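Trainee: Right, I'll just put the structure down here and ask away after.
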Amino acid sequence: MPTRFQQNIRFSPIREERIDEYNFIGGLMTDAHETKLQPNMSPDMANTLFNNTGSIKTRSGYTRYNNNPIGATSTETNFGASTGTLSINQIDTFVAQTFQETASNIDVAQIDLSLAMATAGKTQKLRVEIYNTSAGVPTTIVSTSAKSQVKTISGTSETTYSFRFNKPIALSQSTTYAIVIKSYNQGSSPSVNQVNVHHTADAYANGQVYTTTSSGGTWTGDNAKDIKFTVYNGGDTGLTGLLRYYGPSNISQLLAKVGTSLYRGNDTTGAMTQITLGSGVSLDADNYIDYTITAENTLLVVDGFNYIQKYRGSTNANYTTGTISVTNGSAGVTGSGTLWNTSTNAEVNEYIKLPDGKWYKITAIGSDTSITIEKNYAGSTLSGQNYTISPWGEVQGRLDNSTPSALTRPVADFIENHKERIWVLKNNNLKSSVLDLSVDGEHFNDFDTANNAVEINVPSGKGDTGTALFSLGDQLYIFQKKAIWGLYGSSPSDFALRNITNEIGCANRKTLVEFDNYVIFLSQSNDIYFFDGSNLKNISDGLVKNSIREWTNKTNICATLWDNKYIISYTPSGQANNTEALYYDLVRQKWGKFTNLYAGVWSVWGGGNDDNEVYFGSSNQGTIYKWDDGTNDDGYEIPFLYDTASIGFGANTNDKIAKKFYLQLLSQGDYNLSVTQITDLTDTETSVDINLAGGTISLWDVALWDVDVWSDEGTLLTERLPQFQGQAKYFKYRFENNGLDEPVEILGMTSTTRIRKLR
């Protein structure tokens, strides 16, 4: 090449150009290296949702259903008459109370305090933290988890407020700790409305009051005062069962299982009352409740011995007062010393256990000493006998004059209602009750009637065993660890078992969710599948499968459907409980991730006055939450993180030059959003905090370039950030915040660039 021609070669920057706005509908991809990501795929995101307008936003929060945690008991307490108050009126003013548990180690689930506002009409957010102490004086927080939910204090009357911890905080016996009360503030101009903390005189023996006006730099003790408080110990066993039962007489009940105990919830007060189980009923501490509801609105539950318990929703405990007389072949039961005509003792649709060992449903109560049962008594004529009346009975065989010992007592790992029969699966043995129209009374008691009840042995292959039953459309599907079978037909004469696959099975019944004539489930091979009854589609391979492999176990996982999203919560590596969840957006076909989500079991409420609300039970304490209600997690901040993929700028490898950066979002509060630019896939970062004060909530429709206010769409906050300039091979951006009650919604991101070119 001639030298003269070489000398005429010059590079010159062209004018600044706008890059197309970045599309945030990317999704989570954890299995591929960043450089292999598809366009607009994000390798790192948490607590983000995709909305219909092409933006991303903070996930919705949840609110608590019940008041005190199930199973928690008050331990250290000081709730005498108030003798005065201490004030929290500045950001750096804290009030503390030291305490000590002398009896044993404890797990603090909740702390109650007595509080009030100093001025009518004002409110203030407070948070409680648990501190270590040195020589009795508060020093540092016990752990990052030892921060309670944030509560809004209102009203000038002394009121008890309960501060819950996201997970129980382990404290040691005979060690002094401190309850530290702080104001909670965020935003550009924080201020504190005075809160009065009520105290007693020197009434608590194992601690005293401390105050500080320097954010804990210097504490002042006052051994003549103790704040009014209660520490709740326990509640550290997560829920393993949660269901909504719609029974006869418009009954709607929440049933929650903690350990081997079952509780009933009160929708008005949030109180959880332990249910007295029927005689001989025991629940498995480790397994969740597998259940179904019959055509007669009877709840059938698999108990801890794999037998089936039937429940009709009464609020009564067991009643055994007096004795009874029964006559073979008669439906009448006569009492002596009984008070059956009192609703707290006996009600229609409850069960009575008679001397033949069977549970009969009560169909009428004639008087305090007269009951009618649904079937004629099958045992011997007897008088002066003991009995039990309970909302719980047991499926023990058909209730007629046959000999009880000759009847089938069905055992089950899994239970399902399909084509007017109750089906049970134990290992690989599938059985059904008779058709519900073929017998009088409760058909699900009868697993014996010839030519009507069904028993099928499902092939086990190489030692395979059943993991779930699920009715979908006209078929009943039997899931094994490594296979799926379909039961076709409508009667014993044409029931046929067909193998669908011997390669893919279901890892856990709790992951099965129905959506639009499909089921979604986690396989034993760590993949999540769509299944339409014939075909299977893997929706996780190459995207989140490696993440699933890192889960601690396949026992705790559970899934639900919320807002057209399949959500599956799990225990991450190194954790003891479910603390995270993956979700699959079924509309956009994208994966996302939720953090700080302690979901151990899910339940969808879709009957009575309920409208498909989603509830979940905590994985680490006896707390029940309602999903998608509010914008915070029961008073906890929602950490928000979204990484864009590397953006190419339409330029060659070394010619990417960022000039200006625009972030378009809806301002919904007064707090800071952190924006970070990462260059060349390294740790080279440029960060800036954007304050989001001053905007209004609206939906994004059509954006005009460099216009701050869009017609009829409210105020848009548009930040032009000159900090993000420079040349690199790659650029990517990260958005983060930790907000409470103030969600983020990012509408678009635009950069301008200059590209070098030959001239």
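Labels used: A, B, ... for chains in the order of the structure tokens, numbers from 1 for residues in each chain, and numbers from 1 for ligands as shown.
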Within 12 Å of A:Thr83, counting only C-alpha atoms, which residues qualify if same-chain residues fewer than 3 places away don't, as a VMD selection string?
Mentor: chain A and resid 79 to 80 86 114 158 197 to 203 224 to 228
Trainee: Go ahead and save the residues from that selection, with all heavy atoms, as a compact mmCIF listing (two decimals), in the first residue's frame.
Mentor:
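Listed below is the output, again33.txt:
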```txt
# COMPACT_ATOMS: atom_id res chain seq x y z
N PHE A 79 -45.54 -6.41 81.38
CA PHE A 79 -46.68 -5.68 80.87
C PHE A 79 -47.58 -5.19 81.99
O PHE A 79 -48.80 -5.35 81.95
CB PHE A 79 -47.47 -6.53 79.86
CG PHE A 79 -47.40 -5.98 78.47
CD1 PHE A 79 -46.37 -6.36 77.61
CD2 PHE A 79 -48.33 -5.08 78.01
CE1 PHE A 79 -46.30 -5.86 76.32
CE2 PHE A 79 -48.25 -4.56 76.72
CZ PHE A 79 -47.24 -4.95 75.88
N GLY A 80 -46.99 -4.57 82.98
CA GLY A 80 -47.78 -4.00 84.06
C GLY A 80 -48.36 -2.65 83.68
O GLY A 80 -48.30 -2.22 82.53
N LEU A 86 -41.08 7.06 77.27
CA LEU A 86 -39.80 7.51 76.74
C LEU A 86 -40.02 7.90 75.28
O LEU A 86 -40.83 7.27 74.59
CB LEU A 86 -38.75 6.41 76.84
CG LEU A 86 -38.42 5.94 78.26
CD1 LEU A 86 -37.71 4.60 78.22
CD2 LEU A 86 -37.56 6.99 78.96
N SER A 114 -45.61 -1.57 73.89
CA SER A 114 -46.72 -0.67 74.18
C SER A 114 -46.34 0.74 73.73
O SER A 114 -45.45 1.37 74.30
CB SER A 114 -47.03 -0.69 75.68
OG SER A 114 -48.16 0.07 75.96
N GLU A 158 -52.41 4.44 74.24
CA GLU A 158 -51.46 3.34 74.41
C GLU A 158 -52.00 2.08 73.75
O GLU A 158 -53.11 1.63 74.02
CB GLU A 158 -51.23 3.09 75.90
CG GLU A 158 -50.26 1.95 76.18
CD GLU A 158 -50.13 1.65 77.66
OE1 GLU A 158 -50.71 2.40 78.49
OE2 GLU A 158 -49.45 0.67 78.00
N VAL A 197 -42.88 5.56 74.04
CA VAL A 197 -42.71 4.16 74.43
C VAL A 197 -43.08 4.03 75.90
O VAL A 197 -42.43 4.62 76.77
CB VAL A 197 -41.25 3.71 74.21
CG1 VAL A 197 -41.09 2.25 74.57
CG2 VAL A 197 -40.82 3.96 72.77
N HIS A 198 -44.13 3.29 76.18
CA HIS A 198 -44.62 3.18 77.56
C HIS A 198 -43.74 2.24 78.38
O HIS A 198 -43.28 1.21 77.89
CB HIS A 198 -46.07 2.70 77.57
CG HIS A 198 -47.05 3.77 77.17
ND1 HIS A 198 -47.75 4.51 78.08
CD2 HIS A 198 -47.41 4.22 75.94
CE1 HIS A 198 -48.52 5.38 77.45
NE2 HIS A 198 -48.34 5.22 76.13
N HIS A 199 -43.56 2.62 79.66
CA HIS A 199 -42.73 1.81 80.56
C HIS A 199 -43.42 1.67 81.91
O HIS A 199 -44.38 2.38 82.23
CB HIS A 199 -41.34 2.43 80.73
CG HIS A 199 -41.35 3.78 81.39
ND1 HIS A 199 -41.49 3.96 82.76
CD2 HIS A 199 -41.22 5.03 80.86
CE1 HIS A 199 -41.44 5.24 83.05
NE2 HIS A 199 -41.27 5.93 81.91
N THR A 200 -42.92 0.74 82.69
CA THR A 200 -43.33 0.59 84.07
C THR A 200 -42.21 1.11 84.96
O THR A 200 -41.19 1.61 84.47
CB THR A 200 -43.59 -0.89 84.40
OG1 THR A 200 -42.34 -1.61 84.31
CG2 THR A 200 -44.59 -1.51 83.43
N ALA A 201 -42.40 1.00 86.26
CA ALA A 201 -41.28 1.24 87.16
C ALA A 201 -40.35 0.04 87.09
O ALA A 201 -40.44 -0.77 86.17
CB ALA A 201 -41.81 1.47 88.58
N ASP A 202 -39.45 -0.10 88.03
CA ASP A 202 -38.48 -1.19 88.02
C ASP A 202 -39.19 -2.51 88.31
O ASP A 202 -39.18 -3.01 89.43
CB ASP A 202 -37.39 -0.91 89.07
CG ASP A 202 -36.29 -1.96 89.04
OD1 ASP A 202 -36.21 -2.69 88.03
OD2 ASP A 202 -35.54 -2.05 90.02
N ALA A 203 -39.81 -3.08 87.26
CA ALA A 203 -40.65 -4.27 87.47
C ALA A 203 -40.06 -5.55 86.90
O ALA A 203 -40.46 -6.64 87.28
CB ALA A 203 -42.03 -4.04 86.86
N ALA A 224 -34.36 2.35 86.95
CA ALA A 224 -35.65 2.56 87.62
C ALA A 224 -36.82 2.34 86.67
O ALA A 224 -37.97 2.48 87.08
CB ALA A 224 -35.71 3.98 88.19
N LYS A 225 -36.53 1.99 85.41
CA LYS A 225 -37.60 1.82 84.42
C LYS A 225 -37.39 0.54 83.63
O LYS A 225 -36.25 0.10 83.41
CB LYS A 225 -37.65 3.00 83.44
CG LYS A 225 -37.91 4.36 84.06
CD LYS A 225 -37.97 5.42 82.96
CE LYS A 225 -38.23 6.81 83.53
NZ LYS A 225 -37.05 7.31 84.27
N ASP A 226 -38.50 -0.03 83.18
CA ASP A 226 -38.50 -1.14 82.23
C ASP A 226 -39.64 -0.90 81.25
O ASP A 226 -40.79 -0.64 81.66
CB ASP A 226 -38.72 -2.49 82.94
CG ASP A 226 -37.55 -2.89 83.82
OD1 ASP A 226 -36.46 -3.03 83.28
OD2 ASP A 226 -37.76 -3.04 85.04
N ILE A 227 -39.34 -0.95 79.95
CA ILE A 227 -40.42 -0.75 78.99
C ILE A 227 -41.38 -1.94 79.05
O ILE A 227 -41.04 -3.03 79.50
CB ILE A 227 -39.88 -0.56 77.56
CG1 ILE A 227 -39.23 -1.84 77.03
CG2 ILE A 227 -38.93 0.61 77.48
CD1 ILE A 227 -38.88 -1.76 75.56
N LYS A 228 -42.58 -1.71 78.58
CA LYS A 228 -43.58 -2.78 78.55
C LYS A 228 -43.32 -3.64 77.30
O LYS A 228 -43.37 -3.13 76.18
CB LYS A 228 -44.98 -2.17 78.53
CG LYS A 228 -45.29 -1.35 79.78
CD LYS A 228 -46.64 -0.67 79.72
CE LYS A 228 -47.76 -1.69 79.80
NZ LYS A 228 -49.09 -1.01 79.94
```
Trainee: Among stretch 505-675 of chain A, which ones does DSSP assign to helix (DSSP H, G or I) (computed from the backbone)? Answer as number ranges by chain.
Mentor: A: 509-511, 545-549
Trainee: Could you dump the residues just selected with all heavy atoms as a CSV table (one decimal), in the first residue's frame?
Mentor:
```csv
chain,number,residue,atom,x,y,z
A,509,ARG,N,-45.3,-34.3,44.8
A,509,ARG,CA,-46.7,-33.9,44.6
A,509,ARG,C,-46.9,-32.4,44.8
A,509,ARG,O,-47.8,-31.8,44.1
A,509,ARG,CB,-47.6,-34.7,45.5
A,509,ARG,CG,-49.1,-34.3,45.6
A,509,ARG,CD,-49.8,-34.4,44.2
A,509,ARG,NE,-51.1,-34.0,44.3
A,509,ARG,CZ,-51.6,-32.8,44.1
A,509,ARG,NH1,-50.7,-31.8,43.9
A,509,ARG,NH2,-52.8,-32.5,44.1
A,510,LYS,N,-46.2,-31.8,45.7
A,510,LYS,CA,-46.4,-30.4,46.0
A,510,LYS,C,-46.0,-29.5,44.9
A,510,LYS,O,-46.2,-28.3,44.9
A,510,LYS,CB,-45.6,-30.0,47.3
A,510,LYS,CG,-46.2,-30.7,48.6
A,510,LYS,CD,-45.5,-30.1,49.8
A,510,LYS,CE,-44.1,-30.5,49.9
A,510,LYS,NZ,-43.5,-30.1,51.2
A,511,THR,N,-45.3,-30.0,43.9
A,511,THR,CA,-44.9,-29.2,42.7
A,511,THR,C,-45.9,-29.2,41.6
A,511,THR,O,-45.7,-28.5,40.6
A,511,THR,CB,-43.5,-29.6,42.2
A,511,THR,OG1,-43.6,-30.9,41.5
A,511,THR,CG2,-42.5,-29.7,43.3
A,545,LYS,N,-31.9,-24.9,35.1
A,545,LYS,CA,-31.7,-26.3,35.6
A,545,LYS,C,-30.5,-26.4,36.6
A,545,LYS,O,-30.6,-27.1,37.6
A,545,LYS,CB,-31.5,-27.2,34.5
A,545,LYS,CG,-31.3,-28.7,34.9
A,545,LYS,CD,-31.3,-29.7,33.7
A,545,LYS,CE,-31.2,-31.1,34.2
A,545,LYS,NZ,-31.3,-32.1,33.1
A,546,ASN,N,-29.4,-25.7,36.3
A,546,ASN,CA,-28.3,-25.7,37.2
A,546,ASN,C,-28.6,-25.1,38.6
A,546,ASN,O,-28.1,-25.6,39.6
A,546,ASN,CB,-27.1,-24.9,36.6
A,546,ASN,CG,-26.4,-25.7,35.5
A,546,ASN,OD1,-26.6,-26.9,35.4
A,546,ASN,ND2,-25.6,-25.1,34.7
A,547,SER,N,-29.5,-24.1,38.6
A,547,SER,CA,-29.9,-23.6,39.8
A,547,SER,C,-30.7,-24.6,40.6
A,547,SER,O,-30.6,-24.7,41.8
A,547,SER,CB,-30.8,-22.3,39.6
A,547,SER,OG,-31.3,-21.8,40.8
A,548,ILE,N,-31.6,-25.3,39.9
A,548,ILE,CA,-32.4,-26.3,40.6
A,548,ILE,C,-31.5,-27.4,41.2
A,548,ILE,O,-31.8,-27.9,42.3
A,548,ILE,CB,-33.4,-27.0,39.6
A,548,ILE,CG1,-34.4,-25.9,39.2
A,548,ILE,CG2,-34.1,-28.1,40.2
A,548,ILE,CD1,-35.4,-26.3,38.1
A,549,ARG,N,-30.4,-27.8,40.5
A,549,ARG,CA,-29.5,-28.8,41.0
A,549,ARG,C,-28.9,-28.4,42.4
A,549,ARG,O,-28.5,-29.3,43.1
A,549,ARG,CB,-28.4,-29.1,40.0
A,549,ARG,CG,-28.8,-29.8,38.8
A,549,ARG,CD,-27.7,-30.1,37.9
A,549,ARG,NE,-28.0,-30.9,36.7
A,549,ARG,CZ,-27.6,-30.7,35.5
A,549,ARG,NH1,-26.7,-29.6,35.3
A,549,ARG,NH2,-27.9,-31.4,34.5
```
Trainee: Go through A:Val195, A:Ala728, A:Leu300, A:Leu582 one by one, measure the shortest atom-to-atom distance of each to A:Ser540 using only C-alpha atoms, and give the residue with the smallest value.
Mentor: A:Leu582
Trainee: Please, what distance in Å, to one decimal, runs between atom CA of A:Glu745 and atom CA of A:Gly54?
Mentor: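 So the two atoms, atom CA of A:Glu745 and atom CA of A:Gly54, lie 10.4 Å apart.
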Trainee: Measuring between only C-alpha atoms, which one of A:Asn105, A:Thr676, A:Ser383, A:Ser646 shows the shortest distance to A:Ser42?
Mentor: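 Of A:Asn105, A:Thr676, A:Ser383, A:Ser646, the one nearest A:Ser42 is A:Ser646, counting only C-alpha atoms.
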Trainee: Excluding A:Gln274 and residues on its chain fewer than 6 positions from it, collect all residues at most 10 Å away from it, counting only C-alpha atoms, and give them as a list in words.
Mentor: Ile70, Gly71, Leu255, Ala256, Lys257, Val258, Ser261, Leu262, Tyr263, Arg264, Gly265 and Ala317 of chain A
Trainee: Just the residues within 9 Å of A:Gly313, please, counting only C-alpha atoms, with nothing from its chain fewer than 3 positions along; format it as a short mmCIF file (atom, residue, chain, number, x, y, z; two decimals) with C-alpha atoms, in the first residue's frame.
Mentor:
```cif
data_model
loop_
_atom_site.label_atom_id
_atom_site.label_comp_id
_atom_site.auth_asym_id
_atom_site.auth_seq_id
_atom_site.Cartn_x
_atom_site.Cartn_y
_atom_site.Cartn_z
CA TYR A 245 -62.15 -26.17 53.10
CA TYR A 246 -65.62 -25.26 51.86
CA GLY A 247 -68.01 -27.53 53.69
CA PRO A 248 -71.77 -27.86 54.23
CA ILE A 251 -68.63 -23.32 55.97
CA SER A 252 -65.31 -21.80 54.86
CA GLN A 253 -62.37 -22.80 57.00
CA THR A 298 -66.64 -33.93 52.97
CA LEU A 299 -62.93 -33.30 53.39
CA ASN A 316 -66.70 -28.68 68.11
CA ASN A 349 -72.98 -33.87 59.85
CA GLU A 350 -70.56 -34.68 62.64
CA PRO A 391 -66.18 -33.58 63.37
CA TRP A 392 -63.62 -36.24 62.41
#
```
Trainee: Grab the atom CA of A:Thr211 to atom CA of A:Tyr232 distance for me, in Å with one decimal place.
Mentor: 23.1 Å
